[in-house]
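Participant: Coordinates in final28.cif, mmCIF, C-alpha atoms and all ligand atoms, are listed below.
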```cif
data_run
loop_
_atom_site.label_atom_id
_atom_site.label_comp_id
_atom_site.auth_asym_id
_atom_site.auth_seq_id
_atom_site.Cartn_x
_atom_site.Cartn_y
_atom_site.Cartn_z
CA HIS N 1 90.95 123.81 106.67
CA GLY N 2 88.64 121.01 107.47
CA ARG N 3 85.05 120.84 108.36
CA SER N 4 83.42 119.11 111.24
CA ASN N 5 80.62 116.68 111.09
CA GLY N 6 78.12 118.17 113.49
CA THR N 7 76.84 114.86 114.81
CA ASP N 8 80.00 113.25 116.16
CA GLY N 9 82.53 116.05 116.06
CA VAL N 10 84.96 114.10 113.87
CA ALA N 11 86.46 115.98 110.96
CA VAL N 12 84.95 114.66 107.76
CA TYR N 13 87.76 115.96 105.69
CA ASP N 14 90.72 118.15 106.00
CA SER N 15 92.07 119.66 102.86
CA GLN N 16 95.64 118.93 103.88
CA ILE N 17 94.95 115.32 104.70
CA PHE N 18 92.97 115.05 101.49
CA SER N 19 95.74 116.37 99.31
CA LYS N 20 98.24 114.17 101.13
CA ALA N 21 96.06 111.14 100.41
CA LEU N 22 95.81 112.13 96.76
CA LYS N 23 99.57 112.42 96.61
CA LEU N 24 99.96 108.94 98.11
CA ILE N 25 97.47 107.43 95.68
CA SER N 26 99.15 109.03 92.71
CA MET N 27 102.55 107.91 93.97
CA GLU N 28 101.21 104.38 94.32
CA LEU N 29 100.11 104.47 90.69
CA ASP N 30 103.47 105.94 89.70
CA LEU N 31 105.27 103.12 91.52
CA HIS N 32 103.28 100.52 89.67
CA ASN N 33 104.03 102.14 86.34
CA ALA N 34 107.65 102.60 87.31
CA LEU N 35 108.07 98.85 87.60
CA ILE N 36 106.51 98.32 84.18
CA ASN N 37 108.54 101.14 82.62
CA ASN N 38 111.88 100.03 84.10
CA GLU N 39 112.38 103.22 86.07
CA PHE N 40 114.16 101.49 88.96
CA PHE N 41 117.88 100.93 89.04
CA LEU N 42 120.48 99.78 91.51
CA VAL N 43 123.61 101.48 92.74
CA TYR N 44 126.33 99.60 94.59
CA GLN N 45 128.29 100.74 97.62
CA PRO N 46 131.59 99.00 98.45
CA VAL N 47 132.09 97.28 101.80
CA VAL N 48 135.78 97.23 102.72
CA ASP N 49 138.00 95.32 105.10
CA THR N 50 138.62 97.84 107.91
CA LYS N 51 142.31 96.88 108.23
CA THR N 52 143.36 96.79 104.60
CA ARG N 53 140.62 98.90 102.99
CA SER N 54 140.39 96.30 100.26
CA ILE N 55 136.94 95.71 98.89
CA THR N 56 135.08 92.63 100.15
CA GLY N 57 131.74 93.21 98.44
CA PHE N 58 129.02 95.80 98.03
CA GLU N 59 125.50 96.63 99.06
CA ALA N 60 122.85 97.00 96.35
CA LEU N 61 120.70 100.10 96.93
CA ILE N 62 117.62 100.87 94.89
CA ARG N 63 116.89 104.19 93.18
CA TRP N 64 113.91 105.41 91.21
CA LYS N 65 114.25 107.77 88.28
CA ASN N 66 110.69 108.94 87.74
CA SER N 67 109.15 110.10 84.46
CA GLN N 68 110.10 113.71 85.28
CA GLY N 69 113.71 112.59 85.53
CA ASN N 70 114.01 113.07 89.28
CA ILE N 71 115.91 110.49 91.32
CA ILE N 72 113.84 109.42 94.29
CA SER N 73 115.30 107.97 97.48
CA PRO N 74 114.22 104.52 98.69
CA THR N 75 113.34 106.06 102.06
CA LYS N 76 110.52 107.84 100.18
CA PHE N 77 109.05 104.92 98.23
CA ILE N 78 110.00 101.67 100.01
CA PRO N 79 107.51 102.30 102.86
CA LEU N 80 104.76 102.90 100.30
CA ALA N 81 105.71 99.82 98.27
CA GLU N 82 105.65 97.91 101.56
CA GLU N 83 102.19 99.20 102.45
CA THR N 84 100.69 98.40 99.07
CA GLY N 85 102.35 95.01 98.72
CA LEU N 86 104.18 96.04 95.56
CA ILE N 87 107.39 95.41 97.51
CA LEU N 88 107.13 91.69 96.75
CA GLN N 89 107.50 92.30 93.01
CA LEU N 90 109.95 95.12 93.52
CA GLY N 91 112.03 93.08 95.95
CA GLU N 92 112.16 90.19 93.51
CA TRP N 93 113.32 92.57 90.80
CA VAL N 94 116.10 93.84 93.13
CA LEU N 95 117.24 90.30 93.93
CA PHE N 96 117.32 89.28 90.29
CA GLU N 97 119.07 92.45 89.17
CA ALA N 98 121.75 92.28 91.90
CA CYS N 99 122.42 88.55 91.41
CA SER N 100 122.58 88.71 87.62
CA THR N 101 124.84 91.77 87.72
CA LEU N 102 127.34 90.14 90.09
CA ALA N 103 127.20 86.88 88.09
CA GLU N 104 128.01 88.83 84.93
CA TRP N 105 130.94 90.64 86.56
CA ARG N 106 132.30 87.35 87.90
CA LYS N 107 132.29 85.91 84.40
CA ASN N 108 134.30 88.76 82.94
CA ASN N 109 136.57 89.89 85.73
CA SER N 110 138.61 87.80 88.16
CA LEU N 111 138.76 90.73 90.62
CA PHE N 112 135.17 89.88 91.50
CA ASN N 113 136.07 86.40 92.78
CA GLY N 114 135.08 86.19 96.42
CA LEU N 115 133.16 89.48 96.41
CA LYS N 116 129.64 89.40 97.82
CA VAL N 117 126.54 91.40 97.14
CA ASN N 118 124.23 92.45 99.98
CA VAL N 119 120.55 92.89 99.23
CA ASN N 120 118.09 94.56 101.62
CA LEU N 121 114.88 92.71 102.38
CA SER N 122 111.69 94.32 103.61
CA ALA N 123 109.34 92.99 106.29
CA ARG N 124 106.82 91.67 103.80
CA GLN N 125 109.48 89.76 101.93
CA LEU N 126 110.72 88.14 105.12
CA SER N 127 107.20 86.99 105.97
CA ASP N 128 106.50 85.82 102.40
CA LEU N 129 106.05 82.05 102.37
CA GLU N 130 107.75 81.86 98.99
CA LEU N 131 110.87 83.84 99.86
CA THR N 132 113.23 80.86 99.99
CA ASP N 133 111.91 79.44 96.72
CA THR N 134 112.21 82.84 95.07
CA VAL N 135 115.81 83.28 96.23
CA SER N 136 116.72 79.73 95.24
CA ARG N 137 115.19 80.14 91.77
CA ILE N 138 116.95 83.46 91.20
CA LEU N 139 120.32 81.97 92.20
CA GLU N 140 119.78 79.16 89.71
CA GLU N 141 118.58 81.44 86.92
CA THR N 142 121.49 83.82 87.35
CA ASN N 143 124.08 81.13 88.08
CA LEU N 144 125.31 83.01 91.12
CA PRO N 145 126.91 80.85 93.84
CA PRO N 146 124.68 81.21 96.95
CA GLU N 147 127.61 82.24 99.16
CA CYS N 148 127.98 85.40 97.02
CA LEU N 149 124.60 86.66 98.22
CA ARG N 150 123.89 88.17 101.62
CA LEU N 151 120.46 89.30 102.72
CA GLU N 152 120.04 92.22 105.11
CA VAL N 153 117.18 92.25 107.59
CA THR N 154 116.55 94.57 110.54
CA GLU N 155 116.10 93.62 114.18
CA THR N 156 112.56 94.95 114.10
CA MET N 157 111.69 92.68 111.17
CA LEU N 158 113.09 89.67 113.03
CA MET N 159 111.31 90.44 116.26
CA GLU N 160 107.89 90.88 114.62
CA ASN N 161 107.61 87.12 114.42
CA PRO N 162 110.86 85.65 115.71
CA ASP N 163 109.90 81.98 115.41
CA TYR N 164 108.81 82.32 111.82
CA ALA N 165 111.83 84.49 110.98
CA ASP N 166 114.07 81.83 112.47
CA ILE N 167 112.58 79.13 110.22
CA THR N 168 112.91 81.31 107.11
CA LEU N 169 116.49 82.33 107.90
CA ARG N 170 117.43 78.68 108.45
CA ARG N 171 116.03 77.77 105.06
CA LEU N 172 117.97 80.60 103.44
CA LYS N 173 121.11 79.59 105.28
CA ALA N 174 120.63 76.01 104.09
CA LEU N 175 120.75 77.37 100.54
CA GLY N 176 124.16 78.83 101.37
CA VAL N 177 123.03 82.46 101.52
CA GLY N 178 124.42 84.74 104.27
CA ILE N 179 122.29 86.83 106.61
CA CYS N 180 123.16 90.25 108.13
CA ILE N 181 121.35 92.32 110.69
CA ASP N 182 121.11 95.85 109.30
CA ASP N 183 120.89 99.09 111.34
CA PHE N 184 121.89 97.17 114.46
CA GLY N 185 121.23 99.08 117.67
CA THR N 186 118.28 101.12 116.41
CA GLY N 187 115.58 98.49 116.82
CA TYR N 188 115.18 96.20 119.71
CA SER N 189 116.27 92.63 119.71
CA SER N 190 116.51 90.02 122.35
CA LEU N 191 119.99 88.69 122.95
CA MET N 192 118.42 85.28 123.33
CA TYR N 193 117.21 85.40 119.75
CA LEU N 194 120.35 87.05 118.50
CA GLN N 195 122.40 84.00 119.40
CA GLN N 196 119.74 81.68 118.03
CA PHE N 197 119.17 83.18 114.57
CA PRO N 198 121.58 81.90 111.89
CA ILE N 199 123.24 85.28 111.37
CA GLY N 200 126.68 85.90 109.89
CA ASN N 201 127.15 89.57 110.66
CA LEU N 202 125.90 92.71 112.31
CA LYS N 203 125.89 96.12 110.69
CA ILE N 204 126.26 98.83 113.32
CA ASP N 205 123.87 101.66 112.49
CA ARG N 206 125.47 104.79 111.19
CA SER N 207 123.94 106.94 113.95
CA PHE N 208 126.44 105.41 116.41
CA VAL N 209 129.35 105.84 113.99
CA ALA N 210 128.40 109.42 113.13
CA ASP N 211 128.50 110.53 116.73
CA MET N 212 131.39 108.40 117.98
CA GLU N 213 134.06 111.09 118.05
CA LYS N 214 132.01 113.62 120.02
CA ASN N 215 129.99 111.24 122.10
CA PRO N 216 132.15 108.80 124.10
CA ALA N 217 129.07 106.78 125.06
CA ASN N 218 128.46 105.97 121.39
CA TYR N 219 132.03 104.79 120.97
CA GLU N 220 131.53 102.55 124.00
CA ILE N 221 128.40 101.15 122.33
CA VAL N 222 130.33 100.49 119.12
CA LYS N 223 133.05 98.68 121.05
CA ALA N 224 130.47 96.69 123.02
CA VAL N 225 128.67 95.65 119.81
CA VAL N 226 131.97 94.50 118.31
CA ALA N 227 132.74 92.49 121.46
CA LEU N 228 129.25 90.99 121.56
CA ALA N 229 129.36 90.05 117.87
CA HIS N 230 132.78 88.46 118.18
CA ALA N 231 131.73 86.55 121.29
CA LEU N 232 128.83 85.12 119.27
CA GLY N 233 131.10 84.28 116.34
CA LEU N 234 129.74 87.04 114.11
CA THR N 235 131.59 89.68 112.11
CA VAL N 236 130.79 93.38 112.29
CA VAL N 237 130.30 96.02 109.60
CA ALA N 238 130.26 99.73 110.49
CA GLU N 239 127.88 101.80 108.36
CA GLY N 240 128.21 105.47 107.45
CA VAL N 241 131.97 105.91 107.88
CA GLU N 242 132.64 109.40 106.57
CA GLU N 243 135.86 110.50 108.24
CA GLU N 244 139.37 109.17 108.62
CA GLU N 245 139.16 109.68 112.37
CA GLN N 246 136.12 107.39 112.54
CA HIS N 247 137.96 104.80 110.49
CA ILE N 248 140.88 104.83 112.94
CA MET N 249 138.53 104.49 115.92
CA LEU N 250 136.77 101.55 114.24
CA LEU N 251 140.10 99.92 113.49
CA GLU N 252 141.02 100.24 117.17
CA ALA N 253 137.62 98.86 118.19
CA GLY N 254 138.33 95.74 116.11
CA CYS N 255 135.48 96.32 113.67
CA ASP N 256 135.93 93.86 110.78
CA PHE N 257 134.37 95.71 107.85
CA SER N 258 133.39 99.27 106.99
CA GLN N 259 131.10 101.02 104.58
CA GLY N 260 130.67 104.73 103.98
CA TYR N 261 131.41 107.81 101.94
CA LEU N 262 135.05 107.77 103.17
CA PHE N 263 135.66 104.69 101.03
CA SER N 264 133.04 105.24 98.34
CA ARG N 265 129.55 106.51 97.73
CA PRO N 266 127.11 104.10 96.13
CA VAL N 267 128.04 103.97 92.42
CA SER N 268 126.38 102.90 89.19
CA PRO N 269 127.14 99.42 87.83
CA GLN N 270 128.81 101.07 84.83
CA ILE N 271 131.66 102.38 86.95
CA LEU N 272 131.85 99.72 89.66
CA PRO N 273 134.35 97.44 87.85
CA ASP N 274 136.84 100.32 87.53
CA LEU N 275 136.30 101.25 91.16
CA VAL N 276 136.90 97.65 92.26
CA SER N 277 140.14 97.53 90.36
CA THR N 278 141.31 100.83 91.86
CA MET N 279 140.33 99.76 95.37
CA GLN N 280 141.99 96.33 95.04
CA HIS N 281 145.23 97.84 93.90
CA SER N 282 145.50 100.81 96.21
CA GLN N 283 147.44 100.29 99.40
CA ASN N 284 146.21 101.35 102.76
CA PRO N 285 148.73 103.69 104.45
CA LEU N 286 147.64 102.42 107.87
CA SER N 287 148.34 98.79 107.08
CA GLN N 288 151.69 99.74 105.50
CA ALA N 289 152.67 101.59 108.64
CA GLY N 290 152.04 98.32 110.46
P1 LIG W 301 120.44 100.83 104.62
O1 LIG W 301 120.22 99.45 104.13
O2 LIG W 301 120.85 101.00 106.03
O3 LIG W 301 121.51 101.44 103.61
C1 LIG W 301 122.50 102.34 103.98
C2 LIG W 301 122.13 103.76 103.62
O4 LIG W 301 123.15 104.64 104.09
C3 LIG W 301 122.05 104.01 102.11
O5 LIG W 301 121.03 104.99 101.90
C4 LIG W 301 123.43 104.60 101.81
O6 LIG W 301 123.45 105.37 100.62
C5 LIG W 301 123.64 105.44 103.03
N1 LIG W 301 125.05 105.69 103.29
C6 LIG W 301 126.11 104.93 103.00
N2 LIG W 301 127.27 105.47 103.43
C7 LIG W 301 126.94 106.62 104.04
C8 LIG W 301 127.70 107.65 104.71
O7 LIG W 301 128.93 107.59 104.82
N3 LIG W 301 126.99 108.69 105.22
C9 LIG W 301 125.64 108.78 105.11
N4 LIG W 301 125.04 109.85 105.64
N5 LIG W 301 124.89 107.84 104.49
C10 LIG W 301 125.54 106.77 103.97
P2 LIG W 301 119.96 104.83 100.76
O8 LIG W 301 120.59 104.23 99.54
O9 LIG W 301 119.24 106.11 100.65
O10 LIG W 301 118.98 103.73 101.35
C11 LIG W 301 118.22 104.01 102.48
C12 LIG W 301 117.51 102.80 102.98
O11 LIG W 301 116.53 102.35 102.04
C13 LIG W 301 118.42 101.60 103.18
O12 LIG W 301 119.11 101.72 104.40
C14 LIG W 301 117.42 100.47 103.16
O13 LIG W 301 116.78 100.35 104.41
C15 LIG W 301 116.41 100.96 102.14
N6 LIG W 301 116.69 100.32 100.85
C16 LIG W 301 117.58 100.67 99.89
N7 LIG W 301 117.53 99.81 98.85
C17 LIG W 301 116.60 98.89 99.17
C18 LIG W 301 116.08 97.71 98.49
O14 LIG W 301 116.50 97.32 97.40
N8 LIG W 301 115.08 97.03 99.15
C19 LIG W 301 114.64 97.40 100.38
N9 LIG W 301 113.66 96.66 100.94
N10 LIG W 301 115.09 98.47 101.02
C20 LIG W 301 116.07 99.21 100.43
MG MG W 302 121.22 97.78 104.25
MG MG W 303 121.82 100.04 107.38
MG MG W 304 119.33 102.26 107.34
#
```
Go ahead and render the structure in this file as structure tokens.

Facilitator:
Amino acid sequence: HGRSNGTDGVAVYDSQIFSKALKLISMELDLHNALINNEFFLVYQPVVDTKTRSITGFEALIRWKNSQGNIISPTKFIPLAEETGLILQLGEWVLFEACSTLAEWRKNNSLFNGLKVNVNLSARQLSDLELTDTVSRILEETNLPPECLRLEVTETMLMENPDYADITLRRLKALGVGICIDDFGTGYSSLMYLQQFPIGNLKIDRSFVADMEKNPANYEIVKAVVALAHALGLTVVAEGVEEEEQHIMLLEAGCDFSQGYLFSRPVSPQILPDLVSTMQHSQNPLSQAG
């Protein structure tokens, strides 16, 4: 367990740190190879209209099936891809894949008219000088109308360099692309900036939704976020809706859109068209009851 350098008292190495570093390095190599070997894929989670439960679009979420056949969560590898800079290539792959998939569906299936795809951006992508050009080129190459794409950024990403973020978001908005603030309430953002950025909607973080029934303060926060968003002319999406009771509370809070296991888990593109057709045709008992 570690050895000290006698001269300055700082540990020269620690076997645990060392093996952790080795793991990181090997994962970095794996990530690089994964991109070359097409080991990444996207799953899509429906976003529904809270009132009618009809599908309004979906969020693209990345997965990695490594060479051992294990599916690895983005929470494990996105931070590493971000650190190493590989996120720029990976993020471009995600954008292209999501846009071309939706464009293909739109060609073959009228149920996809008006549906949007949300793509998560990382901090490095937002600060990339070429982001707008990349997005614009991908929209052209895939023939996807810009208004079908929405980019998700977090408050923390925006506040790292708010003036630069504002310029980038304005360029993206000028292309016709929508912008959402993801995980709203978990970072910090200035209300001054919030009303200044060209944002279309807020996604309330699932930690507030998860706790809403037991923790009245969280329900108050959800209601306040809905009121704030509406006052600023934004729409609101609730993340992580798992239970019917939460759905009813969100409906009462006036939350526009919802996303969560209650409606659907993220699904593979192979089954999404069938899911869309089921979700479009099913009636919501709440809206029938009036
Ligand atoms: P996020 O953007 O906030 O995505 C929502 C996460 O909540 C997803 O986790 C989704 O599977 C999960 N989720 C959805 N509904 C429920 C629910 O009802 N209950 C619970 N417990 N969870 C639910 P996932 O797919 O593991 O993604 C985690 C995070 O990784 C994302 O959070 C996002 O920050 C990041 N991520 C995913 N895909 C990408 C990508 O393509 N690029 C970038 N930069 N980040 C990504
Ligand atoms: Mg997201
Ligand atoms: Mg989120
Ligand atoms: Mg999140």

Participant: Taking all atoms listed in the file into account, name the residue in N:Asn118, N:Asn37, N:Gln125, N:Ser268 that is nearest to ligand MG 302 (chain W).

Facilitator: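 Ranking N:Asn118, N:Asn37, N:Gln125, N:Ser268 by distance to ligand MG 302 (chain W), first place goes to N:Asn118.
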
Participant: Quick one: axis-aligned box around all listed atoms of range 261-272 of chain N, 3 Å on every side, centre and edge lengths in Å to one decimal, written as AutoDock Vina command-line options.

Facilitator:
```
--center_x 131.0 --center_y 103.6 --center_z 94.0 --size_x 15.3 --size_y 14.4 --size_z 24.3
```

Participant: Grab the atom N1 of ligand LIG 301 (chain W) to CA of His247 in chain N distance for me, in Å with one decimal place.

Facilitator: 14.8 Å

Participant: When you count only C-alpha atoms, which of these residues is closest to Val241 in chain N: N:Thr50, N:Ser15, N:Ser277, N:Thr168?

Facilitator: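 Closest to Val241 in chain N, using only C-alpha atoms: N:Thr50.
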
Participant: Would you kindly return, as a PyMOL selection string, each protein, DNA or RNA residue with an atom no farther than 9 Å from any atom of Val222 in chain N, considering all atoms listed in the file and excluding same-chain residues fewer than 6 positions away?

Facilitator: chain N and resi 204+208-209+212+238+250+253+255

Participant: Generate the output file for the selected residues, C-alpha atoms, as a PDB file, keeping the file's coordinate frame.

Facilitator:
```
ATOM      1  CA  ILE N 204     126.260  98.830 113.320  1.00  0.00           C
ATOM      2  CA  PHE N 208     126.440 105.410 116.410  1.00  0.00           C
ATOM      3  CA  VAL N 209     129.350 105.840 113.990  1.00  0.00           C
ATOM      4  CA  MET N 212     131.390 108.400 117.980  1.00  0.00           C
ATOM      5  CA  ALA N 238     130.260  99.730 110.490  1.00  0.00           C
ATOM      6  CA  LEU N 250     136.770 101.550 114.240  1.00  0.00           C
ATOM      7  CA  ALA N 253     137.620  98.860 118.190  1.00  0.00           C
ATOM      8  CA  CYS N 255     135.480  96.320 113.670  1.00  0.00           C
TER       9      CYS N 255
END
```

Participant: Output the neighbourhood of ligand MG 303 (chain W) as a ChimeraX atom specification, that is, all protein and nucleic acid residues with some atom at most 7 Å from the ligand, counting all atoms listed in the file.

Facilitator: /N:182-183,203,205,239

Participant: Restricting the calculation to all atoms listed in the file: of N:Thr154, N:Thr101, N:Ser136, N:Asn109, which residue gets closest to ligand MG 304 (chain W)?

Facilitator: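 Checking each candidate against ligand MG 304 (chain W), we get N:Thr154 as the closest.
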
Participant: Got a sec to check which residues lie within 9 Å of ligand LIG 301 (chain W), using only C-alpha atoms and all ligand atoms, and send them as a PyMOL selection string?

Facilitator: chain N and resi 42-45+59-63+72-79+81-82+87+90-91+93-95+119-125+152-154+182-183+203+205-207+210+239-243+259-266

Participant: Using Å and a single decimal, report how far CA of Glu155 in chain N sits from CA of Arg53 in chain N.

Facilitator: 27.5 Å

Participant: Taking all atoms listed in the file into account, name the residue in N:Phe112, N:Trp64, N:Phe184, N:Trp105 that is nearest to ligand MG 304 (chain W).

Facilitator: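 Once distances to ligand MG 304 (chain W) are computed over all atoms listed in the file, the minimum belongs to N:Phe184.
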
Participant: Pick out the closest residue to ligand MG 302 (chain W) from this set: N:Ala231, N:Leu202, N:Leu24, N:Leu115. Count all atoms listed in the file.

Facilitator: N:Leu202

Participant: Could you tell me how far CA of Cys180 in chain N sits from CA of Glu160 in chain N, in Å to one decimal place?

Facilitator: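 Taking CA of Glu160 in chain N as the start and CA of Cys180 in chain N as the end point, the length is 16.6 Å.
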
Participant: Looking at N:Ile221, N:Leu234, N:Ala227, N:Leu31, which one is nearest to Ile199 in chain N, with distances taken over all atoms listed in the file?

Facilitator: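 Checking each candidate against Ile199 in chain N, we get N:Leu234 as the closest.
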
Participant: With a distance cut-off of 9 Å and all atoms listed in the file, select the neighbouring residues of Ser190 in chain N, excluding the residue or stretch itself and same-chain residues fewer than 4 positions from it, and output the selection as a PyMOL selection string.

Facilitator: chain N and resi 155+159+194-195

Participant: Find the spatial neighbours of Val47 in chain N, counting all atoms listed in the file, within a cut-off of 7 Å - ignore same-chain residues fewer than 5 positions away - and output them as a VMD selection string.

Facilitator: chain N and resid 55 to 58 257 to 259

Participant: Would you mind listing what lies within 12 Å of Phe197 in chain N as a list in words, with only C-alpha atoms counted and same-chain residues fewer than 6 positions away left out?

Facilitator: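 Counting only the stated atoms, we get Val153, Glu155, Leu158, Met159, Pro162, Asp163, Tyr164, Ala165, Asp166, Ile167, Thr168, Leu169, Arg170, Arg171, Leu172, Lys173, Gly178, Ile179, Cys180, Ile181, Ser189, Ser190, Leu191, Leu232 and Leu234 of chain N.
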
Participant: Contacts of Cys99 in chain N at 7 Å or less, counting all atoms listed in the file, minus same-chain residues fewer than 5 places along, as a VMD selection string?

Facilitator: chain N and resid 139 142 144
